[in-house]
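Undergrad: Sharing input14.pdb (PDB, C-alpha atoms and all ligand atoms) below.
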```
ATOM      1  CA  MET A 162     119.186 120.753 128.287  1.00  0.00           C
ATOM      2  CA  ASN A 163     118.141 118.712 131.271  1.00  0.00           C
ATOM      3  CA  ARG A 164     119.738 118.973 134.671  1.00  0.00           C
ATOM      4  CA  SER A 165     122.435 116.351 134.071  1.00  0.00           C
ATOM      5  CA  GLU A 166     123.424 117.946 130.752  1.00  0.00           C
ATOM      6  CA  VAL A 167     123.704 121.317 132.496  1.00  0.00           C
ATOM      7  CA  ALA A 168     125.829 119.668 135.224  1.00  0.00           C
ATOM      8  CA  ALA A 169     128.151 118.249 132.547  1.00  0.00           C
ATOM      9  CA  ILE A 170     128.521 121.631 130.815  1.00  0.00           C
ATOM     10  CA  LEU A 171     129.182 123.416 134.113  1.00  0.00           C
ATOM     11  CA  GLY A 172     131.788 120.764 134.932  1.00  0.00           C
ATOM     12  CA  VAL A 173     133.528 121.554 131.626  1.00  0.00           C
ATOM     13  CA  ILE A 174     133.330 125.295 132.268  1.00  0.00           C
ATOM     14  CA  SER A 175     134.799 125.047 135.755  1.00  0.00           C
ATOM     15  CA  ALA A 176     137.604 122.894 134.371  1.00  0.00           C
ATOM     16  CA  ILE A 177     138.411 125.534 131.707  1.00  0.00           C
ATOM     17  CA  ASP A 178     137.793 128.688 133.696  1.00  0.00           C
ATOM     18  CA  PRO A 179     139.607 129.127 137.030  1.00  0.00           C
ATOM     19  CA  LYS A 180     137.017 131.740 138.080  1.00  0.00           C
ATOM     20  CA  VAL A 181     134.148 129.248 137.919  1.00  0.00           C
ATOM     21  CA  PRO A 182     133.875 126.884 140.897  1.00  0.00           C
ATOM     22  CA  ALA A 183     132.341 123.418 140.562  1.00  0.00           C
ATOM     23  CA  PRO A 184     128.576 124.074 140.681  1.00  0.00           C
ATOM     24  CA  ASP A 185     126.525 123.461 143.824  1.00  0.00           C
ATOM     25  CA  GLU A 186     122.882 122.376 143.700  1.00  0.00           C
ATOM     26  CA  ASP A 187     121.487 125.947 143.696  1.00  0.00           C
ATOM     27  CA  VAL A 188     123.697 127.091 140.826  1.00  0.00           C
ATOM     28  CA  LEU A 189     122.807 123.958 138.916  1.00  0.00           C
ATOM     29  CA  SER A 190     119.066 124.559 139.394  1.00  0.00           C
ATOM     30  CA  MET A 191     119.396 128.179 138.297  1.00  0.00           C
ATOM     31  CA  TRP A 192     121.299 127.341 135.100  1.00  0.00           C
ATOM     32  CA  ALA A 193     119.002 124.408 134.314  1.00  0.00           C
ATOM     33  CA  GLY A 194     115.979 126.687 134.627  1.00  0.00           C
ATOM     34  CA  LEU A 195     117.503 129.274 132.294  1.00  0.00           C
ATOM     35  CA  LEU A 196     118.759 126.800 129.684  1.00  0.00           C
ATOM     36  CA  ASP A 197     115.907 124.295 129.533  1.00  0.00           C
ATOM     37  CA  ASP A 198     115.228 124.999 125.820  1.00  0.00           C
ATOM     38  CA  VAL A 199     118.887 125.130 124.666  1.00  0.00           C
ATOM     39  CA  PRO A 200     120.078 121.834 123.103  1.00  0.00           C
ATOM     40  CA  GLY A 201     123.073 120.221 124.852  1.00  0.00           C
ATOM     41  CA  GLY A 202     125.205 120.047 121.692  1.00  0.00           C
ATOM     42  CA  VAL A 203     124.719 123.740 121.027  1.00  0.00           C
ATOM     43  CA  ALA A 204     125.722 124.621 124.612  1.00  0.00           C
ATOM     44  CA  GLY A 205     128.992 122.701 124.127  1.00  0.00           C
ATOM     45  CA  GLU A 206     129.685 124.666 120.909  1.00  0.00           C
ATOM     46  CA  ALA A 207     128.835 127.919 122.677  1.00  0.00           C
ATOM     47  CA  VAL A 208     131.299 127.206 125.513  1.00  0.00           C
ATOM     48  CA  ARG A 209     134.047 126.387 123.033  1.00  0.00           C
ATOM     49  CA  ALA A 210     133.351 129.514 120.962  1.00  0.00           C
ATOM     50  CA  TYR A 211     133.226 131.716 124.058  1.00  0.00           C
ATOM     51  CA  TYR A 212     136.522 130.579 125.562  1.00  0.00           C
ATOM     52  CA  ARG A 213     138.253 130.950 122.189  1.00  0.00           C
ATOM     53  CA  SER A 214     136.849 134.449 121.592  1.00  0.00           C
ATOM     54  CA  GLU A 215     138.558 137.856 121.623  1.00  0.00           C
ATOM     55  CA  ARG A 216     136.054 138.924 124.236  1.00  0.00           C
ATOM     56  CA  TYR A 217     137.197 136.295 126.717  1.00  0.00           C
ATOM     57  CA  ALA A 218     140.873 136.906 125.920  1.00  0.00           C
ATOM     58  CA  GLN A 219     140.390 140.588 126.764  1.00  0.00           C
ATOM     59  CA  THR A 220     137.945 140.485 129.682  1.00  0.00           C
ATOM     60  CA  ARG A 221     138.566 137.078 131.296  1.00  0.00           C
ATOM     61  CA  GLU A 222     134.901 137.235 132.350  1.00  0.00           C
ATOM     62  CA  PRO A 223     133.354 133.808 133.041  1.00  0.00           C
ATOM     63  CA  ILE A 224     130.667 132.661 130.617  1.00  0.00           C
ATOM     64  CA  ALA A 225     127.080 133.367 131.766  1.00  0.00           C
ATOM     65  CA  PRO A 226     123.808 131.575 130.882  1.00  0.00           C
ATOM     66  CA  GLY A 227     122.908 134.544 128.659  1.00  0.00           C
ATOM     67  CA  ASP A 228     125.992 133.860 126.506  1.00  0.00           C
ATOM     68  CA  LEU A 229     124.767 130.307 125.827  1.00  0.00           C
ATOM     69  CA  VAL A 230     121.236 131.492 125.021  1.00  0.00           C
ATOM     70  CA  GLY A 231     122.605 134.280 122.766  1.00  0.00           C
ATOM     71  CA  TYR A 232     124.809 131.791 120.889  1.00  0.00           C
ATOM     72  CA  TRP A 233     121.862 129.447 120.386  1.00  0.00           C
ATOM     73  CA  ARG A 234     119.609 132.278 119.093  1.00  0.00           C
ATOM     74  CA  ARG A 235     122.268 133.447 116.599  1.00  0.00           C
ATOM     75  CA  LYS A 236     122.736 129.894 115.409  1.00  0.00           C
ATOM     76  CA  ARG A 237     118.993 129.385 114.904  1.00  0.00           C
ATOM     77  CA  ARG A 238     118.789 132.650 112.958  1.00  0.00           C
ATOM     78  CA  GLU A 239     121.764 131.668 110.771  1.00  0.00           C
ATOM     79  CA  ASP A 240     120.290 128.207 110.128  1.00  0.00           C
ATOM     80  CA  ALA A 241     116.953 129.781 109.152  1.00  0.00           C
ATOM     81  CA  ASP A 242     118.728 132.247 106.819  1.00  0.00           C
ATOM     82  CA  ARG A 243     120.699 129.439 105.229  1.00  0.00           C
ATOM     83  CA  ARG A 244     117.534 127.372 104.669  1.00  0.00           C
ATOM     84  CA  HIS A 245     115.789 130.416 103.218  1.00  0.00           C
ATOM     85  CA  ASN A 246     118.691 131.106 100.816  1.00  0.00           C
ATOM     86  CA  THR A 247     118.786 127.471  99.720  1.00  0.00           C
ATOM     87  CA  GLU A 248     115.063 127.603  98.987  1.00  0.00           C
ATOM     88  CA  LEU A 249     115.478 130.844  97.043  1.00  0.00           C
ATOM     89  CA  ARG A 250     118.271 129.353  94.927  1.00  0.00           C
ATOM     90  CA  ALA A 251     116.214 126.211  94.262  1.00  0.00           C
ATOM     91  CA  HIS A 252     113.264 128.399  93.283  1.00  0.00           C
ATOM     92  CA  HIS A 253     115.381 130.332  90.745  1.00  0.00           C
ATOM     93  CA  ARG A 254     116.649 127.100  89.221  1.00  0.00           C
ATOM     94  CA  ARG A 255     113.053 126.016  88.503  1.00  0.00           C
ATOM     95  CA  ARG A 256     112.516 128.416  85.610  1.00  0.00           C
ATOM     96  CA  PRO A 257     109.027 128.462  84.124  1.00  0.00           C
ATOM     97  CA  LEU A 258     108.600 126.681  80.796  1.00  0.00           C
ATOM     98  CA  ASP A 259     109.251 128.918  77.808  1.00  0.00           C
ATOM     99  CA  ASP A 260     106.957 129.138  74.760  1.00  0.00           C
ATOM    100  CA  ARG A 261     108.991 126.675  72.712  1.00  0.00           C
ATOM    101  CA  GLN A 262     108.771 124.027  75.453  1.00  0.00           C
ATOM    102  CA  LEU A 263     105.043 124.636  75.825  1.00  0.00           C
ATOM    103  CA  CYS A 264     104.545 124.180  72.062  1.00  0.00           C
ATOM    104  CA  THR A 265     106.529 120.941  72.170  1.00  0.00           C
ATOM    105  CA  ILE A 266     104.332 119.648  74.982  1.00  0.00           C
ATOM    106  CA  ARG A 267     101.137 120.724  73.216  1.00  0.00           C
ATOM    107  CA  ASP A 268     102.209 119.052  69.960  1.00  0.00           C
ATOM    108  CA  GLY A 269     103.048 115.914  71.904  1.00  0.00           C
ATOM    109  CA  VAL A 270      99.576 115.910  73.463  1.00  0.00           C
ATOM    110  CA  ASP A 271      97.971 116.344  70.037  1.00  0.00           C
ATOM    111  CA  GLN A 272     100.014 113.460  68.634  1.00  0.00           C
ATOM    112  CA  VAL A 273      99.078 111.216  71.533  1.00  0.00           C
ATOM    113  CA  ALA A 274      95.413 112.144  71.078  1.00  0.00           C
ATOM    114  CA  ALA A 275      95.622 111.344  67.353  1.00  0.00           C
ATOM    115  CA  THR A 276      97.374 108.022  68.007  1.00  0.00           C
ATOM    116  CA  LEU A 277      94.793 107.049  70.609  1.00  0.00           C
ATOM    117  CA  ALA A 278      91.960 107.891  68.200  1.00  0.00           C
ATOM    118  CA  ILE A 279      93.606 105.758  65.492  1.00  0.00           C
ATOM    119  CA  THR A 280      94.128 102.770  67.795  1.00  0.00           C
ATOM    120  CA  LYS A 281      90.484 103.067  68.845  1.00  0.00           C
ATOM    121  CA  GLY A 282      89.558 102.518  65.215  1.00  0.00           C
ATOM    122  CA  ALA A 283      88.890 106.078  64.142  1.00  0.00           C
ATOM    123  CA  ASP A 284      89.658 107.166  60.623  1.00  0.00           C
ATOM    124  CA  PRO A 285      93.284 108.449  60.639  1.00  0.00           C
ATOM    125  CA  GLU A 286      92.367 111.535  58.634  1.00  0.00           C
ATOM    126  CA  HIS A 287      89.539 112.320  60.990  1.00  0.00           C
ATOM    127  CA  ALA A 288      91.852 111.811  63.964  1.00  0.00           C
ATOM    128  CA  GLU A 289      94.403 114.152  62.438  1.00  0.00           C
ATOM    129  CA  ALA A 290      91.699 116.712  61.809  1.00  0.00           C
ATOM    130  CA  ASP A 291      90.614 116.363  65.438  1.00  0.00           C
ATOM    131  CA  ALA A 292      94.167 116.929  66.612  1.00  0.00           C
ATOM    132  CA  HIS A 293      94.441 119.905  64.302  1.00  0.00           C
ATOM    133  CA  ALA A 294      91.191 121.349  65.619  1.00  0.00           C
ATOM    134  CA  ARG A 295      92.356 120.847  69.181  1.00  0.00           C
ATOM    135  CA  ARG A 296      95.594 122.674  68.410  1.00  0.00           C
ATOM    136  CA  ALA A 297      93.638 125.486  66.758  1.00  0.00           C
ATOM    137  CA  TYR A 298      91.216 126.117  69.606  1.00  0.00           C
ATOM    138  CA  ARG A 299      93.865 125.645  72.272  1.00  0.00           C
ATOM    139  CA  ALA A 300      95.743 128.564  70.688  1.00  0.00           C
ATOM    140  CA  VAL A 301      92.943 131.032  71.469  1.00  0.00           C
ATOM    141  CA  ALA A 302      91.179 132.073  74.659  1.00  0.00           C
ATOM    142  CA  CYS A 303      87.573 130.995  75.190  1.00  0.00           C
ATOM    143  CA  PRO A 304      85.173 133.959  75.127  1.00  0.00           C
ATOM    144  CA  TYR A 305      82.556 131.897  76.976  1.00  0.00           C
ATOM    145  CA  CYS A 306      84.314 130.330  79.995  1.00  0.00           C
ATOM    146  CA  LYS A 307      87.421 132.581  79.801  1.00  0.00           C
ATOM    147  CA  ALA A 308      89.821 129.620  79.534  1.00  0.00           C
ATOM    148  CA  ARG A 309      93.232 131.004  78.606  1.00  0.00           C
ATOM    149  CA  PRO A 310      95.129 129.848  75.514  1.00  0.00           C
ATOM    150  CA  GLY A 311      96.524 126.377  76.188  1.00  0.00           C
ATOM    151  CA  ASP A 312      93.963 125.625  78.907  1.00  0.00           C
ATOM    152  CA  PRO A 313      90.912 123.421  78.348  1.00  0.00           C
ATOM    153  CA  CYS A 314      87.402 124.824  78.461  1.00  0.00           C
ATOM    154  CA  LEU A 315      85.781 124.420  81.841  1.00  0.00           C
ATOM    155  CA  GLY A 316      82.176 123.455  82.386  1.00  0.00           C
ATOM    156  CA  PRO A 317      79.947 123.819  85.448  1.00  0.00           C
ATOM    157  CA  GLY A 318      81.851 122.979  88.640  1.00  0.00           C
ATOM    158  CA  GLY A 319      85.167 123.961  87.051  1.00  0.00           C
ATOM    159  CA  ARG A 320      85.735 120.552  85.413  1.00  0.00           C
ATOM    160  CA  PRO A 321      87.030 120.264  81.835  1.00  0.00           C
ATOM    161  CA  LEU A 322      84.258 119.654  79.290  1.00  0.00           C
ATOM    162  CA  SER A 323      83.805 115.965  78.499  1.00  0.00           C
ATOM    163  CA  ARG A 324      81.138 115.866  75.770  1.00  0.00           C
ATOM    164  CA  GLN A 325      82.593 118.481  73.474  1.00  0.00           C
ATOM    165  CA  PRO A 326      86.195 119.588  72.854  1.00  0.00           C
ATOM    166  CA  ALA A 327      85.492 123.257  73.603  1.00  0.00           C
ATOM    167  CA  HIS A 328      82.702 125.787  73.841  1.00  0.00           C
ATOM    168  CA  PRO A 329      81.198 126.557  70.386  1.00  0.00           C
ATOM    169  CA  SER A 330      82.167 130.234  70.590  1.00  0.00           C
ATOM    170  CA  ARG A 331      85.814 129.232  71.159  1.00  0.00           C
ATOM    171  CA  LEU A 332      85.716 126.940  68.141  1.00  0.00           C
ATOM    172  CA  ASP A 333      84.231 129.852  66.157  1.00  0.00           C
ATOM    173  CA  VAL A 334      87.144 132.109  67.156  1.00  0.00           C
ATOM    174  CA  ALA A 335      89.674 129.346  66.397  1.00  0.00           C
ATOM    175  CA  PHE A 336      88.255 128.664  62.925  1.00  0.00           C
ATOM    176  CA  ALA A 337      87.964 132.370  62.174  1.00  0.00           C
ATOM    177  CA  ASN A 338      91.684 132.605  62.975  1.00  0.00           C
ATOM    178  CA  THR A 339      92.716 129.681  60.796  1.00  0.00           C
ATOM    179  CA  ALA A 340      90.495 130.605  57.848  1.00  0.00           C
TER     180      ALA A 340
HETATM  181 ZN    ZN A 401      85.127 127.679  77.029  1.00  0.00          ZN
END
```
Could I get this file's structure written as structure tokens?

TA:
Amino acid sequence: MNRSEVAAILGVISAIDPKVPAPDEDVLSMWAGLLDDVPGGVAGEAVRAYYRSERYAQTREPIAPGDLVGYWRRKRREDADRRHNTELRAHHRRRPLDDRQLCTIRDGVDQVAATLAITKGADPEHAEADAHARRAYRAVACPYCKARPGDPCLGPGGRPLSRQPAHPSRLDVAFANTA
């Protein structure tokens, strides 16, 4: 809050609370120095909450700058908790793909690859065989580059291989499995 916002809040407080006189310049400077990082809207909420509270009803103590700062800190903590909980809930809603979904995606990729090969003029049977081979080697891990099942083989620099579908030893494992 800047000085004029603090003056407005203190005006409200002195109107509500008979124990608080209208602020003079010194009081204003003191409060402004203590509340410079508290947003004006939050200070208004804090004043309202304080003068409606059990504590005020019982003690009739005037509100102090520390009450405004305390209110603002609690509010920031609660807002942070709420954001954190919302993120947690959103995270739980994003469940990882299950095996069935992964298979559907992999089959889709194989079909697209086969279709592309056909439209490029390749022999349909050959294209199908390619897609089948891709499915077969994708099902096993690569003993050479350690690509996991479902992941492409990686060449030097960590890029997927471009000249061959997979490392020969992976193809060997895949064909040994299908034979
Ligand atoms: Zn590999």

Undergrad: Show me which residues are within 9 Å of ligand ZN 401 (chain A) counting only C-alpha atoms and all ligand atoms, and format the list as a list in words.

TA: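 Residues satisfying the distance criterion: Ala302, Cys303, Pro304, Tyr305, Cys306, Lys307, Ala308, Arg309, Pro313, Cys314, Leu315, Gly316, Leu322, Ala327, His328, Pro329, Ser330, Arg331 and Leu332 of chain A.
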
Undergrad: List the residues matched by the PyMOL selection byres (((chain A and resi 211) around 12) and not hetatm) in the displayed structure as a ChimeraX atom specification, ordered by chain and then by residue number.

TA: /A:174,177-178,204-210,212-229,231-232

Undergrad: Can you tell me how far CA of Leu195 (chain A) sits from CA of Gly172 (chain A), in Å to one decimal?

TA: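 Separation of CA of Leu195 (chain A) and CA of Gly172 (chain A): 16.8 Å.
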
Undergrad: In Å, with one decimal, what is the gap from CA of Phe336 (chain A) to CA of Ala292 (chain A)?

TA: 13.6 Å

Undergrad: For CA of Gly311 (chain A) and CA of Arg250 (chain A), determine how far apart the two atoms are, in Å to one decimal place.

TA: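 The value is 28.9 Å.
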
Undergrad: Which polymer residues have any atom within 12 Å of an atom of Ser165 (chain A), counting all atoms listed in the file, with same-chain residues fewer than 2 positions away left out, as number ranges by chain?

TA: A: 162-163, 167-172, 184, 186, 189-190, 192-193, 196-197, 201

Undergrad: Take the residues from that selection and put them in a file with C-alpha atoms, as a PDB file, keeping the file's coordinate frame.

TA:
```pdb
ATOM      1  CA  MET A 162     119.186 120.753 128.287  1.00  0.00           C
ATOM      2  CA  ASN A 163     118.141 118.712 131.271  1.00  0.00           C
ATOM      3  CA  VAL A 167     123.704 121.317 132.496  1.00  0.00           C
ATOM      4  CA  ALA A 168     125.829 119.668 135.224  1.00  0.00           C
ATOM      5  CA  ALA A 169     128.151 118.249 132.547  1.00  0.00           C
ATOM      6  CA  ILE A 170     128.521 121.631 130.815  1.00  0.00           C
ATOM      7  CA  LEU A 171     129.182 123.416 134.113  1.00  0.00           C
ATOM      8  CA  GLY A 172     131.788 120.764 134.932  1.00  0.00           C
ATOM      9  CA  PRO A 184     128.576 124.074 140.681  1.00  0.00           C
ATOM     10  CA  GLU A 186     122.882 122.376 143.700  1.00  0.00           C
ATOM     11  CA  LEU A 189     122.807 123.958 138.916  1.00  0.00           C
ATOM     12  CA  SER A 190     119.066 124.559 139.394  1.00  0.00           C
ATOM     13  CA  TRP A 192     121.299 127.341 135.100  1.00  0.00           C
ATOM     14  CA  ALA A 193     119.002 124.408 134.314  1.00  0.00           C
ATOM     15  CA  LEU A 196     118.759 126.800 129.684  1.00  0.00           C
ATOM     16  CA  ASP A 197     115.907 124.295 129.533  1.00  0.00           C
ATOM     17  CA  GLY A 201     123.073 120.221 124.852  1.00  0.00           C
TER      18      GLY A 201
END
```

Undergrad: So which one's closest to Val230 (chain A), A:Arg243, A:Gly194, A:Glu289, A:Glu248? Using all atoms listed in the file, please.

TA: A:Gly194

Undergrad: Would you kindly place all heavy atoms on region 315-326 of chain A and return the model as a PDB file, keeping the file's coordinate frame?

TA:
```pdb
ATOM      1  N   LEU A 315      86.313 124.966  80.602  1.00  0.00           N
ATOM      2  CA  LEU A 315      85.781 124.420  81.841  1.00  0.00           C
ATOM      3  C   LEU A 315      84.256 124.534  81.860  1.00  0.00           C
ATOM      4  O   LEU A 315      83.707 125.566  81.496  1.00  0.00           O
ATOM      5  CB  LEU A 315      86.373 125.161  83.045  1.00  0.00           C
ATOM      6  CG  LEU A 315      87.894 125.056  83.182  1.00  0.00           C
ATOM      7  CD1 LEU A 315      88.369 125.849  84.371  1.00  0.00           C
ATOM      8  CD2 LEU A 315      88.342 123.605  83.287  1.00  0.00           C
ATOM      9  N   GLY A 316      83.626 123.470  82.286  1.00  0.00           N
ATOM     10  CA  GLY A 316      82.176 123.455  82.386  1.00  0.00           C
ATOM     11  C   GLY A 316      81.725 123.802  83.789  1.00  0.00           C
ATOM     12  O   GLY A 316      82.531 124.268  84.600  1.00  0.00           O
ATOM     13  N   PRO A 317      80.446 123.533  84.102  1.00  0.00           N
ATOM     14  CA  PRO A 317      79.947 123.819  85.448  1.00  0.00           C
ATOM     15  C   PRO A 317      80.758 123.029  86.482  1.00  0.00           C
ATOM     16  O   PRO A 317      81.103 121.877  86.220  1.00  0.00           O
ATOM     17  CB  PRO A 317      78.501 123.314  85.410  1.00  0.00           C
ATOM     18  CG  PRO A 317      78.201 123.006  83.989  1.00  0.00           C
ATOM     19  CD  PRO A 317      79.472 122.899  83.232  1.00  0.00           C
ATOM     20  N   GLY A 318      81.066 123.660  87.608  1.00  0.00           N
ATOM     21  CA  GLY A 318      81.851 122.979  88.640  1.00  0.00           C
ATOM     22  C   GLY A 318      83.339 123.065  88.385  1.00  0.00           C
ATOM     23  O   GLY A 318      84.125 122.511  89.133  1.00  0.00           O
ATOM     24  N   GLY A 319      83.746 123.763  87.311  1.00  0.00           N
ATOM     25  CA  GLY A 319      85.167 123.961  87.051  1.00  0.00           C
ATOM     26  C   GLY A 319      85.877 122.744  86.488  1.00  0.00           C
ATOM     27  O   GLY A 319      87.090 122.690  86.463  1.00  0.00           O
ATOM     28  N   ARG A 320      85.099 121.737  86.003  1.00  0.00           N
ATOM     29  CA  ARG A 320      85.735 120.552  85.413  1.00  0.00           C
ATOM     30  C   ARG A 320      85.847 120.734  83.901  1.00  0.00           C
ATOM     31  O   ARG A 320      84.982 121.388  83.301  1.00  0.00           O
ATOM     32  CB  ARG A 320      84.910 119.309  85.727  1.00  0.00           C
ATOM     33  CG  ARG A 320      85.204 118.741  87.106  1.00  0.00           C
ATOM     34  CD  ARG A 320      84.547 117.385  87.292  1.00  0.00           C
ATOM     35  NE  ARG A 320      83.081 117.508  87.258  1.00  0.00           N
ATOM     36  CZ  ARG A 320      82.356 117.810  88.337  1.00  0.00           C
ATOM     37  NH1 ARG A 320      82.941 117.990  89.493  1.00  0.00           N
ATOM     38  NH2 ARG A 320      81.039 117.929  88.247  1.00  0.00           N
ATOM     39  N   PRO A 321      86.908 120.167  83.287  1.00  0.00           N
ATOM     40  CA  PRO A 321      87.030 120.264  81.835  1.00  0.00           C
ATOM     41  C   PRO A 321      85.809 119.631  81.156  1.00  0.00           C
ATOM     42  O   PRO A 321      85.251 118.659  81.671  1.00  0.00           O
ATOM     43  CB  PRO A 321      88.296 119.467  81.534  1.00  0.00           C
ATOM     44  CG  PRO A 321      89.053 119.439  82.812  1.00  0.00           C
ATOM     45  CD  PRO A 321      88.026 119.474  83.899  1.00  0.00           C
ATOM     46  N   LEU A 322      85.409 120.198  80.023  1.00  0.00           N
ATOM     47  CA  LEU A 322      84.258 119.654  79.290  1.00  0.00           C
ATOM     48  C   LEU A 322      84.556 118.230  78.851  1.00  0.00           C
ATOM     49  O   LEU A 322      85.679 117.916  78.476  1.00  0.00           O
ATOM     50  CB  LEU A 322      83.995 120.512  78.046  1.00  0.00           C
ATOM     51  CG  LEU A 322      83.645 121.971  78.290  1.00  0.00           C
ATOM     52  CD1 LEU A 322      83.335 122.652  76.960  1.00  0.00           C
ATOM     53  CD2 LEU A 322      82.460 122.102  79.223  1.00  0.00           C
ATOM     54  N   SER A 323      83.563 117.352  78.906  1.00  0.00           N
ATOM     55  CA  SER A 323      83.805 115.965  78.499  1.00  0.00           C
ATOM     56  C   SER A 323      83.056 115.615  77.208  1.00  0.00           C
ATOM     57  O   SER A 323      83.494 114.778  76.443  1.00  0.00           O
ATOM     58  CB  SER A 323      83.403 115.012  79.623  1.00  0.00           C
ATOM     59  OG  SER A 323      82.065 115.258  80.013  1.00  0.00           O
ATOM     60  N   ARG A 324      81.936 116.271  76.936  1.00  0.00           N
ATOM     61  CA  ARG A 324      81.138 115.866  75.770  1.00  0.00           C
ATOM     62  C   ARG A 324      81.524 116.615  74.500  1.00  0.00           C
ATOM     63  O   ARG A 324      81.181 116.201  73.408  1.00  0.00           O
ATOM     64  CB  ARG A 324      79.663 116.115  76.041  1.00  0.00           C
ATOM     65  CG  ARG A 324      79.216 115.268  77.209  1.00  0.00           C
ATOM     66  CD  ARG A 324      77.746 115.310  77.346  1.00  0.00           C
ATOM     67  NE  ARG A 324      77.364 114.378  78.391  1.00  0.00           N
ATOM     68  CZ  ARG A 324      76.135 113.981  78.585  1.00  0.00           C
ATOM     69  NH1 ARG A 324      75.175 114.418  77.803  1.00  0.00           N
ATOM     70  NH2 ARG A 324      75.860 113.144  79.556  1.00  0.00           N
ATOM     71  N   GLN A 325      82.170 117.729  74.652  1.00  0.00           N
ATOM     72  CA  GLN A 325      82.593 118.481  73.474  1.00  0.00           C
ATOM     73  C   GLN A 325      84.001 118.987  73.721  1.00  0.00           C
ATOM     74  O   GLN A 325      84.414 119.141  74.884  1.00  0.00           O
ATOM     75  CB  GLN A 325      81.636 119.646  73.208  1.00  0.00           C
ATOM     76  CG  GLN A 325      81.504 120.594  74.382  1.00  0.00           C
ATOM     77  CD  GLN A 325      80.289 121.514  74.244  1.00  0.00           C
ATOM     78  OE1 GLN A 325      79.165 121.073  74.353  1.00  0.00           O
ATOM     79  NE2 GLN A 325      80.547 122.767  73.989  1.00  0.00           N
ATOM     80  N   PRO A 326      84.788 119.203  72.661  1.00  0.00           N
ATOM     81  CA  PRO A 326      86.195 119.588  72.854  1.00  0.00           C
ATOM     82  C   PRO A 326      86.351 120.989  73.438  1.00  0.00           C
ATOM     83  O   PRO A 326      87.311 121.273  74.151  1.00  0.00           O
ATOM     84  CB  PRO A 326      86.786 119.508  71.455  1.00  0.00           C
ATOM     85  CG  PRO A 326      85.630 119.642  70.526  1.00  0.00           C
ATOM     86  CD  PRO A 326      84.452 119.056  71.241  1.00  0.00           C
TER      87      PRO A 326
END
```
